[in-house]
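Note: the block below is upload02.cif and it holds mmCIF, C-alpha atoms.
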```
data_my_file
#
loop_
_atom_site.label_atom_id
_atom_site.label_comp_id
_atom_site.auth_asym_id
_atom_site.auth_seq_id
_atom_site.Cartn_x
_atom_site.Cartn_y
_atom_site.Cartn_z
CA MET R 209 -19.97 11.92 -57.80
CA THR R 210 -17.80 10.43 -55.04
CA ASP R 211 -17.60 6.90 -53.73
CA THR R 212 -18.13 8.03 -50.13
CA PRO R 213 -21.53 7.77 -48.48
CA SER R 214 -23.72 10.78 -49.13
CA THR R 215 -24.99 12.84 -46.22
CA PRO R 216 -27.74 15.46 -46.19
CA ALA R 217 -26.56 19.04 -46.57
CA PRO R 218 -26.49 20.73 -43.17
CA ASN R 219 -29.20 23.23 -42.35
CA LEU R 220 -27.08 26.32 -41.76
CA THR R 221 -29.17 27.94 -39.10
CA THR R 222 -27.48 30.20 -36.60
CA ASN R 223 -27.25 27.29 -34.19
CA SER R 224 -25.69 24.91 -36.73
CA ALA R 225 -23.30 27.64 -37.84
CA ASP R 226 -22.18 28.04 -34.23
CA MET R 227 -21.74 24.30 -33.95
CA THR R 228 -19.69 24.24 -37.14
CA SER R 229 -17.52 27.07 -35.86
CA HIS R 230 -17.04 25.24 -32.56
CA TYR R 231 -16.14 22.04 -34.40
CA ILE R 232 -13.59 23.81 -36.61
CA HIS R 233 -12.04 25.48 -33.56
CA TRP R 234 -11.78 22.13 -31.77
CA PHE R 235 -10.36 20.39 -34.83
CA ARG R 236 -7.69 23.02 -35.32
CA ASN R 237 -6.72 22.89 -31.65
CA SER R 238 -6.49 19.11 -31.75
CA ALA R 239 -3.78 19.23 -34.43
CA PRO R 240 -0.87 19.44 -31.95
CA TYR R 241 -2.16 16.33 -30.19
CA ILE R 242 -2.62 14.48 -33.47
CA ASN R 243 0.99 15.24 -34.36
CA THR R 244 2.21 14.33 -30.87
CA HIS R 245 0.38 10.98 -30.74
CA ARG R 246 1.23 9.80 -34.26
CA GLY R 247 3.50 6.76 -34.15
CA LYS R 248 3.15 6.37 -30.37
CA THR R 249 2.14 3.16 -28.58
CA PHE R 250 -0.93 3.17 -26.35
CA VAL R 251 -2.03 0.23 -24.20
CA ILE R 252 -5.77 0.48 -23.52
CA MET R 253 -7.39 -1.78 -20.92
CA PHE R 254 -11.13 -2.29 -20.39
CA GLY R 255 -13.08 -4.90 -18.49
CA GLY R 256 -15.96 -7.12 -19.49
CA GLU R 257 -18.33 -4.51 -18.07
CA ALA R 258 -17.25 -2.13 -20.82
CA VAL R 259 -17.90 -4.78 -23.47
CA ASN R 260 -21.45 -5.21 -22.16
CA HIS R 261 -22.13 -1.46 -22.10
CA GLU R 262 -24.21 0.19 -24.81
CA ASN R 263 -21.36 2.64 -25.51
CA PHE R 264 -18.90 -0.09 -26.47
CA SER R 265 -19.68 0.09 -30.19
CA THR R 266 -18.80 3.80 -30.05
CA LEU R 267 -15.56 2.95 -28.27
CA ILE R 268 -14.72 0.57 -31.11
CA HIS R 269 -15.19 3.45 -33.54
CA ASP R 270 -12.88 5.59 -31.44
CA PHE R 271 -10.24 2.83 -31.43
CA ALA R 272 -10.50 2.73 -35.21
CA LEU R 273 -10.11 6.52 -35.36
CA LEU R 274 -6.97 6.41 -33.21
CA HIS R 275 -5.60 3.67 -35.44
CA SER R 276 -6.30 5.76 -38.55
CA LEU R 277 -4.33 8.64 -36.98
CA GLY R 278 -1.23 6.47 -36.81
CA ILE R 279 -1.43 5.46 -33.15
CA LYS R 280 -0.24 1.93 -32.36
CA LEU R 281 -2.85 0.26 -30.19
CA VAL R 282 -2.64 -2.71 -27.86
CA LEU R 283 -6.11 -3.52 -26.48
CA VAL R 284 -6.31 -5.51 -23.26
CA HIS R 285 -9.75 -6.80 -22.27
CA GLY R 286 -11.08 -8.40 -19.14
CA ALA R 287 -14.04 -10.74 -18.87
CA ARG R 288 -15.11 -10.91 -15.23
CA PRO R 289 -18.91 -10.57 -15.66
CA GLN R 290 -18.91 -12.96 -18.64
CA ILE R 291 -16.84 -15.49 -16.67
CA ASP R 292 -19.13 -15.12 -13.66
CA LYS R 293 -22.17 -15.88 -15.80
CA ASN R 294 -20.60 -18.94 -17.46
CA LEU R 295 -19.49 -20.35 -14.11
CA GLN R 296 -22.87 -19.67 -12.54
CA ASP R 297 -24.62 -21.45 -15.42
CA ALA R 298 -22.25 -24.40 -14.95
CA ASN R 299 -22.76 -24.33 -11.17
CA ILE R 300 -19.01 -24.02 -10.53
CA ASN R 301 -17.86 -22.11 -7.47
CA THR R 302 -14.74 -19.95 -7.79
CA PRO R 303 -14.38 -17.96 -4.56
CA LEU R 304 -12.38 -14.77 -4.29
CA HIS R 305 -9.53 -14.32 -1.84
CA ASN R 306 -8.08 -10.83 -1.50
CA ASP R 307 -10.29 -9.99 -4.49
CA ILE R 308 -8.47 -12.50 -6.71
CA ARG R 309 -10.35 -15.45 -8.16
CA ILE R 310 -9.34 -18.96 -7.09
CA THR R 311 -9.57 -20.88 -10.36
CA PRO R 312 -10.12 -24.67 -10.20
CA ARG R 313 -9.07 -26.63 -13.26
CA ASP R 314 -12.65 -27.60 -14.16
CA ALA R 315 -13.53 -23.89 -14.48
CA MET R 316 -10.98 -23.24 -17.22
CA PRO R 317 -13.13 -24.33 -20.22
CA TYR R 318 -15.85 -21.85 -19.22
CA ILE R 319 -13.30 -19.08 -18.63
CA LEU R 320 -11.66 -19.74 -22.00
CA GLU R 321 -15.08 -19.62 -23.65
CA ALA R 322 -15.87 -16.21 -22.11
CA VAL R 323 -12.49 -14.70 -22.96
CA GLY R 324 -12.54 -16.13 -26.49
CA ALA R 325 -16.05 -14.84 -27.15
CA ILE R 326 -15.04 -11.32 -26.21
CA ARG R 327 -11.96 -11.47 -28.42
CA LEU R 328 -14.08 -12.60 -31.37
CA GLN R 329 -16.61 -9.85 -30.67
CA ILE R 330 -13.90 -7.19 -30.68
CA GLU R 331 -12.35 -8.53 -33.87
CA ALA R 332 -15.75 -8.64 -35.57
CA GLN R 333 -16.59 -5.06 -34.61
CA LEU R 334 -13.18 -3.81 -35.72
CA SER R 335 -13.76 -5.46 -39.09
CA MET R 336 -17.05 -3.66 -39.65
CA GLY R 337 -16.81 -1.21 -42.54
CA LEU R 338 -20.43 -0.39 -43.35
CA SER R 339 -20.98 2.72 -45.44
CA ASN R 340 -23.38 4.18 -42.89
CA SER R 341 -21.01 3.79 -39.94
CA PRO R 342 -17.96 5.65 -38.64
CA MET R 343 -15.94 2.54 -39.59
CA TYR R 344 -16.46 3.22 -43.29
CA GLY R 345 -13.20 3.01 -45.20
CA SER R 346 -11.23 1.60 -42.28
CA ARG R 347 -9.02 -1.43 -42.78
CA ILE R 348 -7.90 -2.87 -39.48
CA ASP R 349 -6.05 -6.13 -39.04
CA ALA R 350 -6.61 -7.17 -35.43
CA VAL R 351 -4.30 -9.92 -34.19
CA SER R 352 -4.12 -11.94 -31.00
CA GLY R 353 -1.98 -14.84 -29.92
CA ASN R 354 0.18 -16.33 -27.21
CA PHE R 355 1.94 -13.03 -26.48
CA VAL R 356 1.71 -13.44 -22.69
CA THR R 357 3.72 -16.02 -20.76
CA ALA R 358 2.31 -16.80 -17.33
CA ARG R 359 3.20 -18.69 -14.17
CA PRO R 360 1.01 -19.95 -11.32
CA TYR R 361 -0.04 -17.43 -8.70
CA GLY R 362 0.77 -20.21 -6.28
CA VAL R 363 -0.10 -20.65 -2.63
CA ARG R 364 -0.41 -17.42 -0.66
CA ASP R 365 -1.54 -17.05 2.93
CA GLY R 366 -2.18 -20.78 2.85
CA VAL R 367 -4.57 -20.45 -0.09
CA ASP R 368 -3.90 -22.38 -3.32
CA TYR R 369 -5.03 -20.25 -6.25
CA GLN R 370 -4.79 -23.30 -8.58
CA MET R 371 -5.12 -22.13 -12.24
CA THR R 372 -4.95 -18.45 -11.42
CA GLY R 373 -1.70 -17.03 -12.69
CA GLU R 374 0.39 -13.90 -13.03
CA VAL R 375 2.32 -12.45 -15.92
CA ARG R 376 5.83 -13.83 -16.31
CA ALA R 377 6.84 -12.22 -19.60
CA ILE R 378 5.49 -10.33 -22.61
CA ASP R 379 6.60 -11.28 -26.12
CA VAL R 380 7.71 -7.76 -26.96
CA ASP R 381 9.30 -8.59 -30.31
CA ALA R 382 6.17 -10.31 -31.62
CA ILE R 383 3.88 -7.48 -30.51
CA LYS R 384 6.14 -4.79 -31.92
CA ASN R 385 6.41 -6.66 -35.21
CA ASN R 386 2.63 -6.61 -35.52
CA LEU R 387 2.41 -2.94 -34.56
CA VAL R 388 5.06 -2.03 -37.15
CA HIS R 389 2.91 -3.74 -39.78
CA ASN R 390 -0.07 -1.59 -38.76
CA HIS R 391 -1.89 -4.33 -36.89
CA MET R 392 -3.95 -3.73 -33.78
CA VAL R 393 -2.97 -6.20 -31.06
CA ILE R 394 -5.58 -7.72 -28.73
CA LEU R 395 -4.57 -9.30 -25.43
CA GLY R 396 -6.99 -11.14 -23.17
CA SER R 397 -6.83 -12.09 -19.53
CA MET R 398 -5.12 -15.39 -20.28
CA GLY R 399 -1.48 -16.46 -20.21
CA TYR R 400 0.39 -19.53 -21.37
CA SER R 401 3.17 -21.43 -19.61
CA ALA R 402 6.18 -23.13 -21.16
CA THR R 403 4.55 -26.46 -20.33
CA GLY R 404 1.44 -25.65 -22.35
CA GLU R 405 -0.89 -24.81 -19.48
CA VAL R 406 -3.27 -21.86 -19.62
CA PHE R 407 -3.72 -19.56 -16.63
CA ASN R 408 -6.43 -17.11 -15.69
CA LEU R 409 -4.88 -13.64 -15.24
CA LEU R 410 -5.94 -10.21 -14.06
CA ALA R 411 -6.46 -8.02 -17.13
CA GLU R 412 -5.00 -5.07 -15.19
CA ASP R 413 -1.83 -7.11 -14.60
CA VAL R 414 -1.60 -7.91 -18.31
CA ALA R 415 -2.06 -4.26 -19.26
CA LEU R 416 0.56 -3.03 -16.77
CA ASN R 417 3.17 -5.57 -17.83
CA ALA R 418 2.50 -5.00 -21.52
CA ALA R 419 2.82 -1.23 -21.14
CA VAL R 420 6.09 -1.50 -19.19
CA ALA R 421 7.60 -4.15 -21.48
CA LEU R 422 6.68 -2.21 -24.63
CA ASN R 423 7.83 1.08 -23.09
CA ALA R 424 4.41 2.38 -24.07
CA ASP R 425 3.79 6.10 -24.32
CA LYS R 426 0.43 5.80 -22.55
CA LEU R 427 -1.43 3.28 -20.44
CA ILE R 428 -5.17 3.94 -20.51
CA PHE R 429 -7.74 2.36 -18.21
CA LEU R 430 -11.41 2.55 -19.21
CA GLY R 431 -13.57 2.15 -16.12
CA SER R 432 -17.08 2.85 -14.95
CA ASP R 433 -16.07 6.17 -13.34
CA SER R 434 -14.77 9.30 -15.06
CA GLY R 435 -11.62 9.26 -12.96
CA ILE R 436 -10.56 9.84 -9.37
CA GLU R 437 -12.73 12.03 -7.18
CA ILE R 438 -11.57 13.58 -3.92
CA ASP R 439 -14.20 15.33 -1.80
CA GLY R 440 -16.59 15.22 -4.74
CA ARG R 441 -14.19 16.86 -7.20
CA LEU R 442 -12.67 15.09 -10.19
CA GLN R 443 -8.87 15.15 -10.05
CA SER R 444 -7.55 16.05 -13.46
CA ASP R 445 -4.00 14.97 -12.63
CA MET R 446 -2.05 13.18 -9.91
CA ILE R 447 1.51 11.97 -9.33
CA PRO R 448 2.48 8.57 -7.84
CA ASN R 449 3.08 9.94 -4.35
CA GLU R 450 -0.40 11.48 -4.34
CA VAL R 451 -1.84 8.16 -5.51
CA ASP R 452 -0.10 6.32 -2.67
CA ARG R 453 -1.50 8.77 -0.12
CA PHE R 454 -4.97 8.43 -1.62
CA LEU R 455 -4.87 4.63 -1.39
CA ARG R 456 -3.80 4.56 2.25
CA GLY R 457 -6.82 4.10 4.49
CA LYS R 458 -9.30 4.68 1.68
CA ASP R 459 -12.35 2.48 1.20
CA ILE R 460 -12.47 2.50 -2.58
CA ASN R 461 -13.88 0.03 -5.05
CA ARG R 462 -11.87 -2.79 -6.57
CA GLU R 463 -11.70 -1.27 -10.05
CA ILE R 464 -10.27 2.09 -8.98
CA HIS R 465 -7.92 0.39 -6.52
CA TYR R 466 -6.37 -1.77 -9.24
CA PHE R 467 -6.24 1.09 -11.73
CA LEU R 468 -4.41 3.35 -9.29
CA GLN R 469 -1.99 0.65 -8.20
CA CYS R 470 -1.13 -0.11 -11.81
CA ALA R 471 -0.89 3.58 -12.73
CA SER R 472 1.54 4.28 -9.90
CA GLU R 473 3.61 1.22 -10.76
CA ALA R 474 3.63 2.10 -14.46
CA CYS R 475 4.89 5.62 -13.77
CA ARG R 476 7.75 4.23 -11.71
CA HIS R 477 8.75 1.88 -14.53
CA GLY R 478 8.97 4.32 -17.40
CA VAL R 479 5.37 4.72 -18.59
CA HIS R 480 5.16 8.45 -18.09
CA ARG R 481 1.40 8.90 -18.49
CA THR R 482 -1.49 6.74 -17.34
CA HIS R 483 -5.10 7.82 -17.85
CA ILE R 484 -8.22 6.69 -16.01
CA ILE R 485 -11.39 7.59 -17.90
CA SER R 486 -14.95 6.38 -18.40
CA TYR R 487 -16.02 3.78 -20.93
CA ALA R 488 -19.64 4.86 -20.42
CA GLU R 489 -19.18 8.52 -21.39
CA ASP R 490 -19.46 9.04 -25.12
CA GLY R 491 -16.31 10.68 -26.48
CA ALA R 492 -14.38 10.55 -23.20
CA LEU R 493 -11.40 8.81 -24.81
CA LEU R 494 -11.09 11.41 -27.57
CA GLU R 495 -11.62 14.28 -25.15
CA GLU R 496 -8.86 12.94 -22.90
CA LEU R 497 -6.38 12.56 -25.74
CA PHE R 498 -7.13 15.59 -27.90
CA THR R 499 -8.03 18.40 -25.51
CA ARG R 500 -5.89 20.21 -22.99
CA ASP R 501 -8.13 19.56 -19.98
CA GLY R 502 -9.19 16.02 -20.84
CA SER R 503 -12.11 14.13 -19.33
CA GLY R 504 -10.62 11.94 -16.61
CA THR R 505 -7.60 11.62 -14.34
CA LEU R 506 -4.01 11.62 -15.57
CA ILE R 507 -1.33 10.01 -13.42
CA SER R 508 2.08 11.19 -14.57
CA HIS R 509 5.60 10.76 -13.27
CA ASP R 510 6.00 14.51 -13.18
CA PRO R 511 3.29 17.07 -12.37
CA TYR R 512 1.05 17.70 -15.39
CA GLU R 513 1.37 21.44 -14.78
CA GLU R 514 4.89 22.63 -14.26
CA ILE R 515 6.10 25.86 -12.70
CA ARG R 516 9.53 26.73 -14.05
CA ARG R 517 11.81 29.56 -15.04
CA ALA R 518 10.83 31.06 -18.39
CA SER R 519 12.98 30.73 -21.50
CA ILE R 520 13.17 32.72 -24.71
CA ASP R 521 10.85 30.16 -26.35
CA ASP R 522 8.06 31.28 -23.99
CA VAL R 523 7.90 34.88 -25.24
CA VAL R 524 5.06 34.29 -27.71
CA GLY R 525 3.00 32.49 -25.04
CA LEU R 526 3.68 35.31 -22.59
CA LEU R 527 2.51 37.90 -25.10
CA GLU R 528 -0.74 35.98 -25.65
CA LEU R 529 -1.31 35.85 -21.90
CA LEU R 530 -0.29 39.42 -21.01
CA THR R 531 -1.62 41.47 -23.94
CA PRO R 532 -5.35 41.27 -22.98
CA LEU R 533 -4.52 42.42 -19.43
CA GLU R 534 -2.36 45.23 -20.77
CA ASP R 535 -5.18 46.34 -23.07
CA GLN R 536 -7.46 46.55 -20.01
CA GLY R 537 -4.91 48.66 -18.17
CA ILE R 538 -4.39 46.02 -15.49
CA LEU R 539 -0.72 45.50 -16.38
CA VAL R 540 1.93 47.83 -17.73
CA HIS R 541 2.57 47.28 -21.43
CA ARG R 542 5.71 45.34 -22.23
CA SER R 543 6.87 44.96 -25.82
CA LYS R 544 8.14 41.70 -27.28
CA GLU R 545 11.65 43.16 -27.17
CA ARG R 546 11.24 44.08 -23.50
CA LEU R 547 10.00 40.58 -22.67
CA GLU R 548 12.96 39.06 -24.47
CA GLN R 549 15.34 41.26 -22.47
CA ASP R 550 13.61 40.48 -19.16
CA ILE R 551 12.86 36.78 -19.76
CA GLU R 552 15.30 35.64 -17.06
CA HIS R 553 13.11 37.33 -14.43
CA TYR R 554 9.92 35.42 -15.40
CA ALA R 555 8.43 32.20 -14.11
CA VAL R 556 5.63 30.40 -15.95
CA ILE R 557 3.07 27.67 -15.42
CA GLU R 558 3.07 25.38 -18.44
CA ARG R 559 0.49 22.76 -19.30
CA ASP R 560 0.97 20.64 -22.42
CA GLY R 561 2.91 23.42 -24.13
CA MET R 562 0.49 26.20 -23.19
CA ILE R 563 1.47 29.04 -20.83
CA LEU R 564 -1.34 29.20 -18.25
CA GLY R 565 0.23 31.73 -15.91
CA CYS R 566 3.27 33.90 -15.36
CA ALA R 567 4.90 36.23 -12.86
CA ALA R 568 8.15 38.17 -12.77
CA LEU R 569 10.64 38.86 -9.99
CA TYR R 570 12.81 41.95 -10.53
CA PRO R 571 15.70 42.52 -8.09
CA LEU R 572 15.62 46.03 -6.61
CA ASP R 573 18.65 45.93 -4.35
CA ASP R 574 20.61 43.39 -2.34
CA ARG R 575 17.74 42.82 0.09
CA SER R 576 14.53 43.33 -1.90
CA ALA R 577 12.76 42.46 -5.13
CA GLU R 578 9.55 43.40 -6.95
CA VAL R 579 6.81 41.00 -7.99
CA ALA R 580 5.32 42.03 -11.32
CA SER R 581 3.21 40.77 -14.24
CA VAL R 582 1.24 38.23 -12.21
CA ALA R 583 -1.25 36.79 -14.68
CA VAL R 584 -3.30 33.60 -15.06
CA HIS R 585 -5.25 32.57 -18.15
CA PRO R 586 -8.97 33.42 -17.68
CA GLU R 587 -10.07 29.80 -18.12
CA TYR R 588 -7.71 28.59 -15.37
CA ARG R 589 -8.27 31.07 -12.55
CA ASN R 590 -10.29 28.66 -10.42
CA GLY R 591 -7.54 27.28 -8.25
CA SER R 592 -4.28 28.26 -6.63
CA ARG R 593 -2.12 28.95 -9.69
CA GLY R 594 -1.51 32.61 -8.79
CA ALA R 595 -0.58 31.64 -5.23
CA ASP R 596 1.65 28.85 -6.53
CA LEU R 597 3.50 31.31 -8.78
CA LEU R 598 3.94 33.72 -5.88
CA ALA R 599 5.30 30.91 -3.67
CA PHE R 600 7.75 29.98 -6.43
CA LEU R 601 8.98 33.59 -6.65
CA GLU R 602 9.26 33.87 -2.88
CA GLN R 603 11.50 30.83 -2.85
CA GLN R 604 13.58 32.33 -5.65
CA ALA R 605 13.92 35.57 -3.67
CA ARG R 606 15.02 33.75 -0.52
CA SER R 607 17.59 31.72 -2.42
CA HIS R 608 19.19 35.01 -3.54
CA GLY R 609 19.16 36.54 -0.06
CA ARG R 610 16.23 38.89 -0.68
CA TYR R 611 13.73 38.87 2.15
CA LYS R 612 11.45 41.79 1.24
CA LEU R 613 9.04 41.83 -1.69
CA PHE R 614 7.27 44.80 -3.22
CA ALA R 615 4.31 44.82 -5.57
CA LEU R 616 2.71 47.73 -7.44
CA THR R 617 -0.87 47.37 -8.58
CA THR R 618 -3.93 49.35 -9.61
CA ARG R 619 -6.57 46.59 -9.74
CA THR R 620 -5.49 43.61 -7.63
CA ALA R 621 -4.81 45.13 -4.21
CA HIS R 622 -7.05 42.64 -2.40
CA TRP R 623 -5.26 39.66 -3.92
CA PHE R 624 -1.88 40.85 -2.61
CA VAL R 625 -3.37 41.57 0.83
CA GLU R 626 -4.84 38.06 0.91
CA HIS R 627 -1.35 36.72 0.28
CA GLY R 628 0.40 38.50 3.08
CA PHE R 629 1.24 41.91 1.60
CA SER R 630 0.52 45.20 3.35
CA GLU R 631 0.03 48.60 1.76
CA VAL R 632 2.98 50.95 2.30
CA SER R 633 3.97 54.44 1.23
CA ALA R 634 5.64 54.75 -2.15
CA ASP R 635 8.72 56.30 -0.59
CA THR R 636 9.32 52.94 1.12
CA LEU R 637 10.53 51.66 -2.23
CA PRO R 638 14.29 51.48 -2.76
CA GLU R 639 15.56 54.79 -4.13
CA ALA R 640 16.17 53.67 -7.70
CA ARG R 641 12.67 52.15 -7.97
CA TYR R 642 11.06 55.18 -6.33
CA GLN R 643 12.52 57.41 -9.02
CA THR R 644 10.58 55.48 -11.68
CA TYR R 645 7.40 55.13 -9.61
CA GLN R 646 5.64 58.28 -10.90
CA ASN R 647 4.52 56.90 -14.24
CA GLY R 648 0.98 58.28 -14.29
CA ARG R 649 -0.65 55.02 -13.11
CA ASN R 650 -0.86 56.06 -9.44
CA SER R 651 -0.26 52.43 -8.43
CA LYS R 652 -0.66 51.32 -4.85
CA VAL R 653 2.48 49.93 -3.27
CA PHE R 654 2.49 46.75 -1.19
CA ALA R 655 5.27 45.05 0.71
CA LYS R 656 5.82 41.65 2.31
CA ASP R 657 8.61 40.48 4.59
CA LEU R 658 9.68 36.92 3.89
#
```
Could you express the structure from this file as C-alpha cells?
Amino acid sequence: MTDTPSTPAPNLTTNSADMTSHYIHWFRNSAPYINTHRGKTFVIMFGGEAVNHENFSTLIHDFALLHSLGIKLVLVHGARPQIDKNLQDANINTPLHNDIRITPRDAMPYILEAVGAIRLQIEAQLSMGLSNSPMYGSRIDAVSGNFVTARPYGVRDGVDYQMTGEVRAIDVDAIKNNLVHNHMVILGSMGYSATGEVFNLLAEDVALNAAVALNADKLIFLGSDSGIEIDGRLQSDMIPNEVDRFLRGKDINREIHYFLQCASEACRHGVHRTHIISYAEDGALLEELFTRDGSGTLISHDPYEEIRRASIDDVVGLLELLTPLEDQGILVHRSKERLEQDIEHYAVIERDGMILGCAALYPLDDRSAEVASVAVHPEYRNGSRGADLLAFLEQQARSHGRYKLFALTTRTAHWFVEHGFSEVSADTLPEARYQTYQNGRNSKVFAKDL
C-alpha cells in the first residue's frame, strides 16, 4: 500500500498500448530538455485574460510541474480586464493614449483591488495540493513584495499620464534570494516609488525589465494566439531583425505588438530566448519547452537553426541521418571512420543539438568541387533546408576560388536541376574524379557554374 492516490489500472487495449508507447517515447526524448532547464530562471508573463480563461487552472499545474523540475520561476501577471470591470463598476473613466492607460489618482484603489485579487488567486491555486489533482505532493512557497521600483510615466505629447508609471529598477538581490530558497516569485503590474507612491505599470514592461535584470534564461509570454503568423503560417522562430521588419507597417493587435517589442528588446539585452505561446491551448507551455518543434514562436538572438561547418562531435548525428538513405541506395555508404576522416568537408544544420541536415563539399581541383551527401531529416523536408545547405556550400566554394560544382546522383536528379545544375557527360569530371566514377552505381553527373 502506498500513500499516493490510487488510480484505476489502465485498460491495455491496442490503442492504450500505442498511447503508452507514445508517452514513453516523448518522456525519454524530453530528458535532454529537463536536464537543460534545471536550475535556469524563466520569467513568464500572462495577462488578466489568461487568468479568466478556463485553461488557467491547468497552467497553474504546469507552473508547479516546472517548479518541481528545478526551474526557477518568476510569474508576472497583468490585470487589464479585471481593472476595466472595477473602474466601470465605479464609473471612473481612464482613457487610453497610445494604448497606455491614463490613471487618475482616484482610480488607484480599484486598480490595487484588481491586481491584489489576482495575486491572491494565483497564490491560492499554487497552494492547492489535493490528492485528486496534479498538484498532489507539491510544496510551493509563492512570494510577492515590493520588488519593482517605479517612476511616473510623466507628460508625453502634452498628455499627463498621472499615476501611470514605468519600471525604474528591479530588486534583483531580493528576487534571487527567494529563487535560491526554492520560492516562486509573483510580480504584478504595480510599482513603488521611493516616496511611497504606487504606480500602475504595464505587465509587459515589468516582465521585460525583470528578465533583463535577472539575466533570465527565458522570457515567456502567454497570449491568446499560438504565436506569430505570417501569411497564415505559424512562425516557429524569428530573430530581432525579422521582428523589426514584421512590426513595420503591420496592423497587428496590441498584445502581439507589445510581446514582439519586448522580445526584440530582451534579445538585445542578453535574454537569448523569448517565447510567445498560447495560454488557451492545453499543454502549449510544456510542448514549447520539452519538444524540439515547440508550439509557438521563439525569438532568439541567433537563428534557432544554425548552418555551420561540421565537427568531430557531429559524426554520430551524421550517421543517424545518412544510414537510412544509404540503406535505400540513395547515398553511397560511408563508414564512421570515413566520416571522421572527411568531417572537415561537411556542413550541417543543427537544431537544439539535433542534426537535421547535412551536405559535403569535396575539392576536385583548383577550380572545381563536388557536392555530396545532401540529406535532410524526413520530418524536416518541408522547407528550404536542402537549398540553404547548397547555398552555404556554394559560398564556401567561392571563398576558395572554386567556381564549378559537380554532383553525382541516382535518385535526386530533378532536385539538382531545380537548383541550377545541368546534366553533363561523365568525362567532363576532372581526371582524378573520372577515374573513380565507374563504381557500379551508374550515377548521373550534373554541373553548375557559380
Dump as a Markdown table the rows for residues of segment 303-415 of chain R within 10 Å of segment 237-253 of chain R: closest atom pair and distance in Å with one decimal, all atoms listed in the file counted, ordered by chain and rising residue number.
```
| residue | atom | partner | partner_atom | distance |
| --- | --- | --- | --- | --- |
| R:Lys384 | CA | R:Thr249 | CA | 9.5 |
| R:Leu387 | CA | R:Thr249 | CA | 8.5 |
| R:Val388 | CA | R:Gly247 | CA | 9.4 |
| R:Val393 | CA | R:Val251 | CA | 9.4 |
| R:Ile394 | CA | R:Ile252 | CA | 9.7 |
| R:Leu395 | CA | R:Met253 | CA | 9.2 |
| R:Gly396 | CA | R:Met253 | CA | 9.6 |
| R:Ala411 | CA | R:Met253 | CA | 7.4 |
| R:Glu412 | CA | R:Met253 | CA | 7.0 |
| R:Asp413 | CA | R:Met253 | CA | 10.0 |
| R:Val414 | CA | R:Met253 | CA | 8.8 |
| R:Ala415 | CA | R:Met253 | CA | 6.1 |
```
Just give me the gap between atom CA of Tyr369 of chain R and atom CA of Thr357 of chain R in Å, one decimal is fine. 17.5 Å
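If only C-alpha atoms are the atoms counted, then among R:Gly353, R:Asp573, R:Phe454, R:Leu427 the closest residue to Asp439 of chain R is R:Phe454.
Once the PyMOL selection byres ((chain R and resi 273) around 12) is applied to the shown structure, the selection contains Ile242, Arg246, Thr266, Leu267, Ile268, His269, Asp270, Phe271, Ala272, Leu274, His275, Ser276, Leu277, Gly278, Ile279, Lys280, Leu281, Leu334, Pro342, Met343, Tyr344, Gly345, Ser346, Arg347, Ile348, Gly491, Leu493, Leu494 and Leu497 of chain R.
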Counting all atoms listed in the file, write as a compact mmCIF listing (two decimals) with C-alpha atoms, in the frame of the given file all protein and nucleic acid residues lying at most 7 Å from (-3.9, -22.6, -11.7) in the file's frame.
```txt
# COMPACT_ATOMS: atom_id res chain seq x y z
CA THR R 311 -9.57 -20.88 -10.36
CA PRO R 312 -10.12 -24.67 -10.20
CA ARG R 313 -9.07 -26.63 -13.26
CA PRO R 360 1.01 -19.95 -11.32
CA TYR R 369 -5.03 -20.25 -6.25
CA GLN R 370 -4.79 -23.30 -8.58
CA MET R 371 -5.12 -22.13 -12.24
CA THR R 372 -4.95 -18.45 -11.42
CA GLY R 373 -1.70 -17.03 -12.69
CA PHE R 407 -3.72 -19.56 -16.63
```
Residues in the PyMOL selection byres ((chain R and resi 485) around 9), expressed as an MDAnalysis selection string: chainID R and resid 428:436 483:484 486:487 489 492:493 496 503:506
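Nearest to Arg589 of chain R of all the residues R:Leu572, R:Leu564, R:Asp522, R:Ala225 is R:Leu564, counting all atoms listed in the file.
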Where does the PyMOL selection byres ((chain R and resi 303-309) around 12) land in this file, that is, which residues does it pick, as a ChimeraX atom specification? /R:288,291-292,295-296,300-302,310-312,315-316,319,361,363-374,407-413,461-463,465-466
Quick check, in Å to one decimal: how far apart do atom CA of Ile326 of chain R and atom CA of Asn417 of chain R lie? 20.9 Å
Using only C-alpha atoms, can you tell me which of R:Leu547, R:Leu598, R:Ile538, R:Met392 comes closest to Ala567 of chain R? R:Leu598
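When only C-alpha atoms are used to compute distances to Ala419 of chain R, the closest of the residues R:Ile447, R:Cys470, R:Leu527, R:Val479 turns out to be R:Val479.
Considering all atoms listed in the file, the residue among R:Asp657, R:Asp425, R:Asp314, R:Glu405 positioned nearest to Val282 of chain R is R:Asp425.
Near segment 539-546 of chain R, within 10 Å and counting only C-alpha atoms, sit Val523, Val524, Leu526, Leu527, Leu530, Thr531, Pro532, Leu533, Glu534, Asp535, Gln536, Gln549, Asp550, Ile551, Ala580, Ser581, Val582, Ala583, Leu616, Thr617, Thr618, Arg619 and Arg649 of chain R, not including residues fewer than 3 positions from it in the same chain.
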